[in-house]
Amino acid sequence: MLRSKSFEKRGTMDTDNKHPGIKSVGWALVQASRLHRSRTGDKLSELGLFAGQEQVLQALNNAGPMTMGELAAILRVRPPTASKTVSRLSSLKLVERHTEPGDARVVRVKLTKEGKRKAAAIDALWEEVEGELLQGFDNKDRKRLRKLLRKAAKNLAGLTGADQTGFEADDEVDGLEAAGEPELAATA
């Protein structure tokens, strides 16, 4: 049976067949993001988690117990999206919900002991994938890329009505690094 050249090259980049957006920053960002999410997803599956769940565990590990609205704001998602993820993590016994004393309408979410262990494993996983992502970048390149991505995200947040806070300048993040945060963990 005869096979065409395009069939034989499937799965590899054919240099004669480039995407029309190859010179677009947005296209490059989407490709890097997609590949990062895939790599992170592979690593998370080893922990029994799916992409997105780690962000909830990291947020709770960093900030402590919080309401669903606070969690949704940190993650830049709608409260129902955060609630759905929390429900799944609760069934895995990684988080638990508690009503606020004096106001049963307010529910706070917090990590369980197992959730704290998973969060520590996630931190190590993120640092590993970040190292892979930025292999060959010096610290100046890393800082500049982080700064540019924050600026781009803030631009889009303003246009979409999303919260524009949390896109602090590198010098503010560098202050965190000086306080003991590793260079790789200080990404946007």
# chains A, B, ... in the order shown; residues from 1 in each chain; ligands from 1
>>> residues_around(residues="stretch 60-68 of chain A", least_positions_apart="4", cutoff="12 Å", atoms="only C-alpha atoms", output="PDB file with N, CA, C and O atoms, in the first residue's frame")
ATOM      1  N   GLN A  53      -7.592  21.449  39.132  1.00  0.00           N
ATOM      2  CA  GLN A  53      -7.767  21.111  40.544  1.00  0.00           C
ATOM      3  C   GLN A  53      -6.575  21.566  41.372  1.00  0.00           C
ATOM      4  O   GLN A  53      -6.729  21.968  42.523  1.00  0.00           O
ATOM      5  N   GLU A  54      -5.390  21.523  40.767  1.00  0.00           N
ATOM      6  CA  GLU A  54      -4.193  21.906  41.512  1.00  0.00           C
ATOM      7  C   GLU A  54      -4.233  23.374  41.901  1.00  0.00           C
ATOM      8  O   GLU A  54      -3.710  23.770  42.935  1.00  0.00           O
ATOM      9  N   GLN A  55      -4.879  24.197  41.074  1.00  0.00           N
ATOM     10  CA  GLN A  55      -4.931  25.625  41.364  1.00  0.00           C
ATOM     11  C   GLN A  55      -5.751  25.901  42.624  1.00  0.00           C
ATOM     12  O   GLN A  55      -5.416  26.796  43.407  1.00  0.00           O
ATOM     13  N   VAL A  56      -6.809  25.132  42.836  1.00  0.00           N
ATOM     14  CA  VAL A  56      -7.619  25.275  44.050  1.00  0.00           C
ATOM     15  C   VAL A  56      -6.788  24.877  45.264  1.00  0.00           C
ATOM     16  O   VAL A  56      -6.755  25.595  46.267  1.00  0.00           O
ATOM     17  N   ALA A  72     -13.064  31.823  43.976  1.00  0.00           N
ATOM     18  CA  ALA A  72     -13.359  32.104  42.566  1.00  0.00           C
ATOM     19  C   ALA A  72     -12.615  33.351  42.098  1.00  0.00           C
ATOM     20  O   ALA A  72     -12.093  33.382  40.982  1.00  0.00           O
ATOM     21  N   ALA A  73     -12.548  34.370  42.954  1.00  0.00           N
ATOM     22  CA  ALA A  73     -11.860  35.610  42.584  1.00  0.00           C
ATOM     23  C   ALA A  73     -10.363  35.361  42.376  1.00  0.00           C
ATOM     24  O   ALA A  73      -9.775  35.852  41.408  1.00  0.00           O
ATOM     25  N   ILE A  74      -9.743  34.590  43.260  1.00  0.00           N
ATOM     26  CA  ILE A  74      -8.311  34.295  43.129  1.00  0.00           C
ATOM     27  C   ILE A  74      -8.039  33.517  41.851  1.00  0.00           C
ATOM     28  O   ILE A  74      -7.058  33.767  41.153  1.00  0.00           O
ATOM     29  N   LEU A  75      -8.932  32.570  41.536  1.00  0.00           N
ATOM     30  CA  LEU A  75      -8.747  31.724  40.356  1.00  0.00           C
ATOM     31  C   LEU A  75      -9.205  32.396  39.063  1.00  0.00           C
ATOM     32  O   LEU A  75      -8.979  31.864  37.987  1.00  0.00           O
ATOM     33  N   ARG A  76      -9.896  33.532  39.174  1.00  0.00           N
ATOM     34  CA  ARG A  76     -10.463  34.239  38.035  1.00  0.00           C
ATOM     35  C   ARG A  76     -11.457  33.372  37.263  1.00  0.00           C
ATOM     36  O   ARG A  76     -11.416  33.262  36.037  1.00  0.00           O
ATOM     37  N   VAL A  77     -12.338  32.715  38.043  1.00  0.00           N
ATOM     38  CA  VAL A  77     -13.419  31.909  37.471  1.00  0.00           C
ATOM     39  C   VAL A  77     -14.723  32.321  38.143  1.00  0.00           C
ATOM     40  O   VAL A  77     -14.718  33.031  39.150  1.00  0.00           O
ATOM     41  N   ARG A  78     -15.833  31.855  37.596  1.00  0.00           N
ATOM     42  CA  ARG A  78     -17.129  32.129  38.213  1.00  0.00           C
ATOM     43  C   ARG A  78     -17.318  31.212  39.428  1.00  0.00           C
ATOM     44  O   ARG A  78     -16.809  30.089  39.433  1.00  0.00           O
ATOM     45  N   PRO A  79     -18.044  31.668  40.449  1.00  0.00           N
ATOM     46  CA  PRO A  79     -18.263  30.831  41.636  1.00  0.00           C
ATOM     47  C   PRO A  79     -18.785  29.424  41.340  1.00  0.00           C
ATOM     48  O   PRO A  79     -18.325  28.471  41.973  1.00  0.00           O
ATOM     49  N   PRO A  80     -19.717  29.229  40.387  1.00  0.00           N
ATOM     50  CA  PRO A  80     -20.155  27.848  40.120  1.00  0.00           C
ATOM     51  C   PRO A  80     -19.014  26.935  39.638  1.00  0.00           C
ATOM     52  O   PRO A  80     -18.989  25.750  39.962  1.00  0.00           O
ATOM     53  N   THR A  81     -18.067  27.504  38.893  1.00  0.00           N
ATOM     54  CA  THR A  81     -16.915  26.719  38.428  1.00  0.00           C
ATOM     55  C   THR A  81     -16.052  26.311  39.613  1.00  0.00           C
ATOM     56  O   THR A  81     -15.636  25.151  39.729  1.00  0.00           O
ATOM     57  N   ALA A  82     -15.799  27.247  40.513  1.00  0.00           N
ATOM     58  CA  ALA A  82     -15.017  26.940  41.714  1.00  0.00           C
ATOM     59  C   ALA A  82     -15.748  25.912  42.574  1.00  0.00           C
ATOM     60  O   ALA A  82     -15.134  24.972  43.084  1.00  0.00           O
ATOM     61  N   SER A  83     -17.052  26.065  42.701  1.00  0.00           N
ATOM     62  CA  SER A  83     -17.853  25.156  43.515  1.00  0.00           C
ATOM     63  C   SER A  83     -17.801  23.723  42.973  1.00  0.00           C
ATOM     64  O   SER A  83     -17.680  22.760  43.742  1.00  0.00           O
ATOM     65  N   LYS A  84     -17.871  23.589  41.661  1.00  0.00           N
ATOM     66  CA  LYS A  84     -17.825  22.262  41.026  1.00  0.00           C
ATOM     67  C   LYS A  84     -16.481  21.584  41.307  1.00  0.00           C
ATOM     68  O   LYS A  84     -16.425  20.406  41.657  1.00  0.00           O
ATOM     69  N   THR A  85     -15.386  22.352  41.191  1.00  0.00           N
ATOM     70  CA  THR A  85     -14.058  21.800  41.450  1.00  0.00           C
ATOM     71  C   THR A  85     -13.920  21.438  42.922  1.00  0.00           C
ATOM     72  O   THR A  85     -13.378  20.378  43.263  1.00  0.00           O
ATOM     73  N   VAL A  86     -14.423  22.283  43.809  1.00  0.00           N
ATOM     74  CA  VAL A  86     -14.362  22.005  45.242  1.00  0.00           C
ATOM     75  C   VAL A  86     -15.155  20.735  45.566  1.00  0.00           C
ATOM     76  O   VAL A  86     -14.720  19.910  46.377  1.00  0.00           O
ATOM     77  N   SER A  87     -16.296  20.542  44.926  1.00  0.00           N
ATOM     78  CA  SER A  87     -17.085  19.326  45.158  1.00  0.00           C
ATOM     79  C   SER A  87     -16.291  18.082  44.785  1.00  0.00           C
ATOM     80  O   SER A  87     -16.290  17.081  45.520  1.00  0.00           O
ATOM     81  N   LEU A  89     -12.985  17.824  44.634  1.00  0.00           N
ATOM     82  CA  LEU A  89     -11.877  17.689  45.576  1.00  0.00           C
ATOM     83  C   LEU A  89     -12.366  17.223  46.942  1.00  0.00           C
ATOM     84  O   LEU A  89     -11.652  16.496  47.647  1.00  0.00           O
ATOM     85  N   LEU A  94      -9.759  15.886  49.843  1.00  0.00           N
ATOM     86  CA  LEU A  94      -8.629  16.821  49.823  1.00  0.00           C
ATOM     87  C   LEU A  94      -9.009  18.179  50.393  1.00  0.00           C
ATOM     88  O   LEU A  94      -8.137  18.933  50.821  1.00  0.00           O
ATOM     89  N   VAL A  95     -10.308  18.498  50.363  1.00  0.00           N
ATOM     90  CA  VAL A  95     -10.810  19.737  50.952  1.00  0.00           C
ATOM     91  C   VAL A  95     -12.075  19.405  51.733  1.00  0.00           C
ATOM     92  O   VAL A  95     -12.698  18.369  51.523  1.00  0.00           O
ATOM     93  N   GLU A  96     -12.417  20.323  52.627  1.00  0.00           N
ATOM     94  CA  GLU A  96     -13.678  20.186  53.355  1.00  0.00           C
ATOM     95  C   GLU A  96     -14.315  21.559  53.489  1.00  0.00           C
ATOM     96  O   GLU A  96     -13.631  22.577  53.474  1.00  0.00           O
ATOM     97  N   ARG A  97     -15.624  21.544  53.590  1.00  0.00           N
ATOM     98  CA  ARG A  97     -16.406  22.778  53.720  1.00  0.00           C
ATOM     99  C   ARG A  97     -16.944  22.882  55.139  1.00  0.00           C
ATOM    100  O   ARG A  97     -17.353  21.885  55.716  1.00  0.00           O
ATOM    101  N   HIS A  98     -16.947  24.116  55.655  1.00  0.00           N
ATOM    102  CA  HIS A  98     -17.487  24.379  56.985  1.00  0.00           C
ATOM    103  C   HIS A  98     -18.314  25.656  56.914  1.00  0.00           C
ATOM    104  O   HIS A  98     -17.879  26.641  56.319  1.00  0.00           O
ATOM    105  N   THR A  99     -19.492  25.622  57.546  1.00  0.00           N
ATOM    106  CA  THR A  99     -20.297  26.839  57.609  1.00  0.00           C
ATOM    107  C   THR A  99     -19.689  27.776  58.633  1.00  0.00           C
ATOM    108  O   THR A  99     -19.082  27.348  59.620  1.00  0.00           O
ATOM    109  N   GLU A 100     -19.866  29.054  58.378  1.00  0.00           N
ATOM    110  CA  GLU A 100     -19.341  30.110  59.250  1.00  0.00           C
ATOM    111  C   GLU A 100     -20.185  30.151  60.524  1.00  0.00           C
ATOM    112  O   GLU A 100     -21.418  30.216  60.455  1.00  0.00           O
ATOM    113  N   ARG A 105     -25.051  30.728  55.988  1.00  0.00           N
ATOM    114  CA  ARG A 105     -25.030  30.968  54.535  1.00  0.00           C
ATOM    115  C   ARG A 105     -23.610  31.072  54.006  1.00  0.00           C
ATOM    116  O   ARG A 105     -23.365  30.865  52.828  1.00  0.00           O
ATOM    117  N   VAL A 106     -22.660  31.393  54.883  1.00  0.00           N
ATOM    118  CA  VAL A 106     -21.263  31.544  54.489  1.00  0.00           C
ATOM    119  C   VAL A 106     -20.544  30.210  54.712  1.00  0.00           C
ATOM    120  O   VAL A 106     -20.527  29.685  55.821  1.00  0.00           O
ATOM    121  N   VAL A 107     -19.989  29.686  53.621  1.00  0.00           N
ATOM    122  CA  VAL A 107     -19.269  28.410  53.689  1.00  0.00           C
ATOM    123  C   VAL A 107     -17.804  28.666  53.371  1.00  0.00           C
ATOM    124  O   VAL A 107     -17.475  29.314  52.374  1.00  0.00           O
ATOM    125  N   ARG A 108     -16.940  28.175  54.227  1.00  0.00           N
ATOM    126  CA  ARG A 108     -15.501  28.288  54.005  1.00  0.00           C
ATOM    127  C   ARG A 108     -14.959  26.923  53.599  1.00  0.00           C
ATOM    128  O   ARG A 108     -15.390  25.893  54.094  1.00  0.00           O
ATOM    129  N   VAL A 109     -13.998  26.963  52.689  1.00  0.00           N
ATOM    130  CA  VAL A 109     -13.354  25.755  52.199  1.00  0.00           C
ATOM    131  C   VAL A 109     -11.940  25.735  52.752  1.00  0.00           C
ATOM    132  O   VAL A 109     -11.264  26.769  52.785  1.00  0.00           O
ATOM    133  N   LYS A 110     -11.493  24.560  53.196  1.00  0.00           N
ATOM    134  CA  LYS A 110     -10.121  24.450  53.680  1.00  0.00           C
ATOM    135  C   LYS A 110      -9.552  23.096  53.280  1.00  0.00           C
ATOM    136  O   LYS A 110     -10.275  22.156  52.972  1.00  0.00           O
ATOM    137  N   LEU A 111      -8.225  23.027  53.278  1.00  0.00           N
ATOM    138  CA  LEU A 111      -7.537  21.780  52.951  1.00  0.00           C
ATOM    139  C   LEU A 111      -7.614  20.798  54.107  1.00  0.00           C
ATOM    140  O   LEU A 111      -7.566  21.191  55.269  1.00  0.00           O
ATOM    141  N   THR A 112      -7.711  19.522  53.758  1.00  0.00           N
ATOM    142  CA  THR A 112      -7.551  18.461  54.747  1.00  0.00           C
ATOM    143  C   THR A 112      -6.051  18.186  54.873  1.00  0.00           C
ATOM    144  O   THR A 112      -5.243  18.752  54.122  1.00  0.00           O
ATOM    145  N   LYS A 113      -5.681  17.289  55.779  1.00  0.00           N
ATOM    146  CA  LYS A 113      -4.266  16.919  55.890  1.00  0.00           C
ATOM    147  C   LYS A 113      -3.765  16.329  54.583  1.00  0.00           C
ATOM    148  O   LYS A 113      -2.661  16.641  54.133  1.00  0.00           O
ATOM    149  N   GLU A 114      -4.579  15.483  53.953  1.00  0.00           N
ATOM    150  CA  GLU A 114      -4.194  14.892  52.671  1.00  0.00           C
ATOM    151  C   GLU A 114      -4.111  15.982  51.601  1.00  0.00           C
ATOM    152  O   GLU A 114      -3.240  15.948  50.730  1.00  0.00           O
ATOM    153  N   GLY A 115      -5.001  16.957  51.663  1.00  0.00           N
ATOM    154  CA  GLY A 115      -4.961  18.080  50.728  1.00  0.00           C
ATOM    155  C   GLY A 115      -3.673  18.875  50.857  1.00  0.00           C
ATOM    156  O   GLY A 115      -3.089  19.306  49.859  1.00  0.00           O
ATOM    157  N   LYS A 116      -3.212  19.039  52.079  1.00  0.00           N
ATOM    158  CA  LYS A 116      -1.936  19.747  52.318  1.00  0.00           C
ATOM    159  C   LYS A 116      -0.764  18.956  51.733  1.00  0.00           C
ATOM    160  O   LYS A 116       0.158  19.533  51.172  1.00  0.00           O
ATOM    161  N   ARG A 117      -0.815  17.630  51.866  1.00  0.00           N
ATOM    162  CA  ARG A 117       0.245  16.795  51.288  1.00  0.00           C
ATOM    163  C   ARG A 117       0.244  16.900  49.765  1.00  0.00           C
ATOM    164  O   ARG A 117       1.302  17.009  49.137  1.00  0.00           O
ATOM    165  N   LYS A 118      -0.952  16.874  49.179  1.00  0.00           N
ATOM    166  CA  LYS A 118      -1.055  17.003  47.715  1.00  0.00           C
ATOM    167  C   LYS A 118      -0.560  18.375  47.266  1.00  0.00           C
ATOM    168  O   LYS A 118       0.119  18.489  46.251  1.00  0.00           O
ATOM    169  N   ALA A 119      -0.888  19.412  48.029  1.00  0.00           N
ATOM    170  CA  ALA A 119      -0.453  20.769  47.673  1.00  0.00           C
ATOM    171  C   ALA A 119       1.070  20.863  47.662  1.00  0.00           C
ATOM    172  O   ALA A 119       1.645  21.497  46.777  1.00  0.00           O
ATOM    173  N   ALA A 120       1.722  20.214  48.611  1.00  0.00           N
ATOM    174  CA  ALA A 120       3.192  20.212  48.635  1.00  0.00           C
ATOM    175  C   ALA A 120       3.738  19.481  47.410  1.00  0.00           C
ATOM    176  O   ALA A 120       4.708  19.935  46.792  1.00  0.00           O
ATOM    177  N   ALA A 121       3.103  18.372  47.046  1.00  0.00           N
ATOM    178  CA  ALA A 121       3.533  17.631  45.853  1.00  0.00           C
ATOM    179  C   ALA A 121       3.300  18.459  44.593  1.00  0.00           C
ATOM    180  O   ALA A 121       4.107  18.429  43.655  1.00  0.00           O
ATOM    181  N   ILE A 122       2.220  19.219  44.572  1.00  0.00           N
ATOM    182  CA  ILE A 122       1.914  20.081  43.424  1.00  0.00           C
ATOM    183  C   ILE A 122       2.959  21.175  43.287  1.00  0.00           C
ATOM    184  O   ILE A 122       3.402  21.488  42.182  1.00  0.00           O
ATOM    185  N   ASP A 123       3.366  21.754  44.405  1.00  0.00           N
ATOM    186  CA  ASP A 123       4.403  22.794  44.351  1.00  0.00           C
ATOM    187  C   ASP A 123       5.669  22.246  43.692  1.00  0.00           C
ATOM    188  O   ASP A 123       6.268  22.898  42.836  1.00  0.00           O
TER     189      ASP A 123
END
>>> select_by_dssp(residues="stretch 2-176 of chain A", states="strand (DSSP E or B)", output="number ranges by chain")
A: 66-67, 95-100, 103-111
>>> write_last_selection(atoms="N, CA, C and O atoms", output="compact mmCIF listing (two decimals), in the first residue's frame")
# COMPACT_ATOMS: atom_id res chain seq x y z
N MET A 66 -11.08 29.84 52.85
CA MET A 66 -11.73 30.98 52.21
C MET A 66 -13.11 30.60 51.72
O MET A 66 -13.43 29.42 51.59
N THR A 67 -13.91 31.62 51.44
CA THR A 67 -15.25 31.39 50.89
C THR A 67 -15.13 31.03 49.42
O THR A 67 -14.10 31.26 48.78
N VAL A 95 -10.31 18.50 50.36
CA VAL A 95 -10.81 19.74 50.95
C VAL A 95 -12.07 19.41 51.73
O VAL A 95 -12.70 18.37 51.52
N GLU A 96 -12.42 20.32 52.63
CA GLU A 96 -13.68 20.19 53.36
C GLU A 96 -14.32 21.56 53.49
O GLU A 96 -13.63 22.58 53.47
N ARG A 97 -15.62 21.54 53.59
CA ARG A 97 -16.41 22.78 53.72
C ARG A 97 -16.94 22.88 55.14
O ARG A 97 -17.35 21.89 55.72
N HIS A 98 -16.95 24.12 55.65
CA HIS A 98 -17.49 24.38 56.99
C HIS A 98 -18.31 25.66 56.91
O HIS A 98 -17.88 26.64 56.32
N THR A 99 -19.49 25.62 57.55
CA THR A 99 -20.30 26.84 57.61
C THR A 99 -19.69 27.78 58.63
O THR A 99 -19.08 27.35 59.62
N GLU A 100 -19.87 29.05 58.38
CA GLU A 100 -19.34 30.11 59.25
C GLU A 100 -20.18 30.15 60.52
O GLU A 100 -21.42 30.22 60.45
N ASP A 103 -23.41 32.48 60.82
CA ASP A 103 -24.04 32.72 59.52
C ASP A 103 -23.85 31.49 58.64
O ASP A 103 -22.85 31.34 57.93
N ALA A 104 -24.82 30.60 58.70
CA ALA A 104 -24.75 29.32 57.98
C ALA A 104 -24.75 29.51 56.47
O ALA A 104 -24.47 28.56 55.73
N ARG A 105 -25.05 30.73 55.99
CA ARG A 105 -25.03 30.97 54.54
C ARG A 105 -23.61 31.07 54.01
O ARG A 105 -23.36 30.86 52.83
N VAL A 106 -22.66 31.39 54.88
CA VAL A 106 -21.26 31.54 54.49
C VAL A 106 -20.54 30.21 54.71
O VAL A 106 -20.53 29.68 55.82
N VAL A 107 -19.99 29.69 53.62
CA VAL A 107 -19.27 28.41 53.69
C VAL A 107 -17.80 28.67 53.37
O VAL A 107 -17.47 29.31 52.37
N ARG A 108 -16.94 28.18 54.23
CA ARG A 108 -15.50 28.29 54.00
C ARG A 108 -14.96 26.92 53.60
O ARG A 108 -15.39 25.89 54.09
N VAL A 109 -14.00 26.96 52.69
CA VAL A 109 -13.35 25.75 52.20
C VAL A 109 -11.94 25.73 52.75
O VAL A 109 -11.26 26.77 52.78
N LYS A 110 -11.49 24.56 53.20
CA LYS A 110 -10.12 24.45 53.68
C LYS A 110 -9.55 23.10 53.28
O LYS A 110 -10.28 22.16 52.97
N LEU A 111 -8.23 23.03 53.28
CA LEU A 111 -7.54 21.78 52.95
C LEU A 111 -7.61 20.80 54.11
O LEU A 111 -7.57 21.19 55.27
>>> select_by_dssp(residues="stretch 6-181 of chain A", states="alpha helix (DSSP H)", output="MDAnalysis selection string")
chainID A and resid 6:8 25:45 53:63 68:75 79:91 113:133 139:160 170:178
